[in-house]
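Engineer: Please find one structure pasted underneath; my questions will follow.
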Amino acid sequence: MKTLTVARLLARPAASGRAAIGLPIVAFGVATALLLTTLAGAMSFFRWHDELGFTYQVLAIFASALLLVPLASLGGSAARLSARRRDDRLATLRLLGATTGFVARLTVLESIALAVVGALGGVVLYLALTPLIGLISFRGHPIGASALLLNPLIVAAVVVGVGLLAGASAAIGLRGVIVSPLGVRTKQSAPRSHWIRVVVGVAIVAAVVFCVANPSLLGGAVTVIVVLAAAFAAANAVLGLVGPFVIKRFAMSGLRKANTPQRLIAARSVLESPKAAWRQVSGVSMTSFIAVFAGTALAMIGAVSGDRADHGQVVLLGDIRTGVFITLTISFVMVACSVGVSQASAILDRRELYVSLDRLGMPVKTMNAARVRAVLSPLRIVTVGSAVTAAIIVLPMAGAALVLAPLSLLTIAASIAGGILVVWLGLLATRPVLRRALSEPMVMTE
């Protein structure tokens, strides 16, 4: 009961307002809705048991593998939203004498509660979207809303899984509070990004390229499908492993060359937490990764359509094109959600810094310019790097002619440009959040 009482007190809106609680709920809701929709769409293909149905099932598995990591990343980001607010308060409790077990229970309880509330909202959103998604046609007929309704046990398992993800993420992030509560409270412990990340990432990409180039060594058809799907998901996950280190190196270079206030603040903001900087651009990075596969698939469809094809092949190629566009659409929805929530959360987490700069006389225009540079500079680097990584992986399977085909390059370029535009709009949309944070009375200790 004491834990619940303190949890209610900590859940009260403070200087950061209700947004500090609402943002994680929104992020968990969108992540859950997208996960359920993706899972329902993939499972709807398993009602077909003919030879062509097996082809659709394989394609669904590969599409799900490409979307799995971005979905998990969005859920993980939701679990870490407003972490500074939570860590500050928990570190204060530790300094006041609270036990490790009490702080751990409090953290896990708060995170799971927010995640479950958001996940339940995501279930409602998934059910509301089901009739619309059921209108999408595959094999010449609409999927149908009934085919997209998941077993209630599966839905419950997803909600529980989202809650466990939030609890595990909170418990892992609690290590700094337990080991060095004063360092957390005074913001002296900066996350580190080690070069070993690059070594591990290169090794994983090399293993994935080997699997793609030598599928005959993997065994039967089912084994090949499972291994390649896992390989694509692992390659996508490598982006999150290597990204923070790469961003950190470029930010260090930018810090040495900084000749304006916004350049200096932007570089310092990235170096404060390369992982947080990565999370703000990871959605677009993974979208550019997926865009290479999508562009190659569209180029392949165009090449095959130019040849003589029967009616069944025409339908299959049209459905593949539909699936590619659906995958890209889901990817962009994840980007939009991730960008909006992460940008607003970043302002709330750095509210003390922005208020201090405002009291020192820095114009709001300069702060916004620094925010834009702190996001767009790493964004240009990681999007190109993600696209190159995906091209290296798909090259042995599709060949340079398809990867570098005009339609493929156009799809990749359009996806990258669209992702950058979404991020820029997210930065623009969160300017009122900064102005509101600067207008509120400053509370240095929450």
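A note on labels: chains of the structure tokens are A, B, ... as shown, every chain counts residues from 1, and ligands are counted from 1 in their shown order.
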Hey, what's within 12 Å of Val388 of chain A if we count only C-alpha atoms and toss same-chain stuff fewer than 6 positions away? As a ChimeraX atom specification, please?
Structural biologist: /A:205,235,239,285-286,288-293,381-382,394-395,403-404,409,412
Engineer: Which of these, A:Ile112, A:Ile196, A:Ala391, A:Leu353, has the shortest distance to Arg268 of chain A once you count only C-alpha atoms?
Structural biologist: A:Leu353
Engineer: Go ahead and compute the interatomic distance for atom CA of Ala390 of chain A and atom CA of Ala299 of chain A, in Å to one decimal.
Structural biologist: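 Distance between the two atoms: 15.4 Å.
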Engineer: Can you tell me which residues surround Arg47 of chain A at a distance of at most 12 Å, considering only C-alpha atoms, apart from same-chain residues fewer than 5 positions away, and format the answer as a list in words?
Structural biologist: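 Contacts, with the query itself left out: Ala40, Gly41, Ala42, Leu52, Gly53, Phe54, Tyr56, Gln57, Ile143, Ser146, Ala147 and Leu148 of chain A.
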Engineer: Measure the distance from atom CA of Ala303 of chain A to atom CA of Phe332 of chain A in Å and round it to one decimal.
Structural biologist: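 The value is 26.3 Å.
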Engineer: Please identify all polymer residues within 12 Å of Leu68 of chain A, counting only C-alpha atoms, omitting same-chain residues fewer than 2 positions from it, and present them as number ranges by chain.
Structural biologist: A: 31-32, 34-36, 38-39, 42, 60-66, 70-75, 229-230, 232-237, 286, 290, 327, 330-331, 334
Engineer: When you draw a straight line from atom CA of Val339 of chain A to atom CA of Trp424 of chain A, how long is it in Å?
Structural biologist: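 Distance between the two atoms: 9.1 Å.
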Engineer: Can you pull out the residues contacting segment 206-212 of chain A? Cut-off 9 Å, using only C-alpha atoms, and skip same-chain residues under 3 positions away; I want them as an NGL selection string.
Structural biologist: :A and (201-203 or 215-218 or 224 or 227-228 or 231-232 or 234-235 or 392-397)
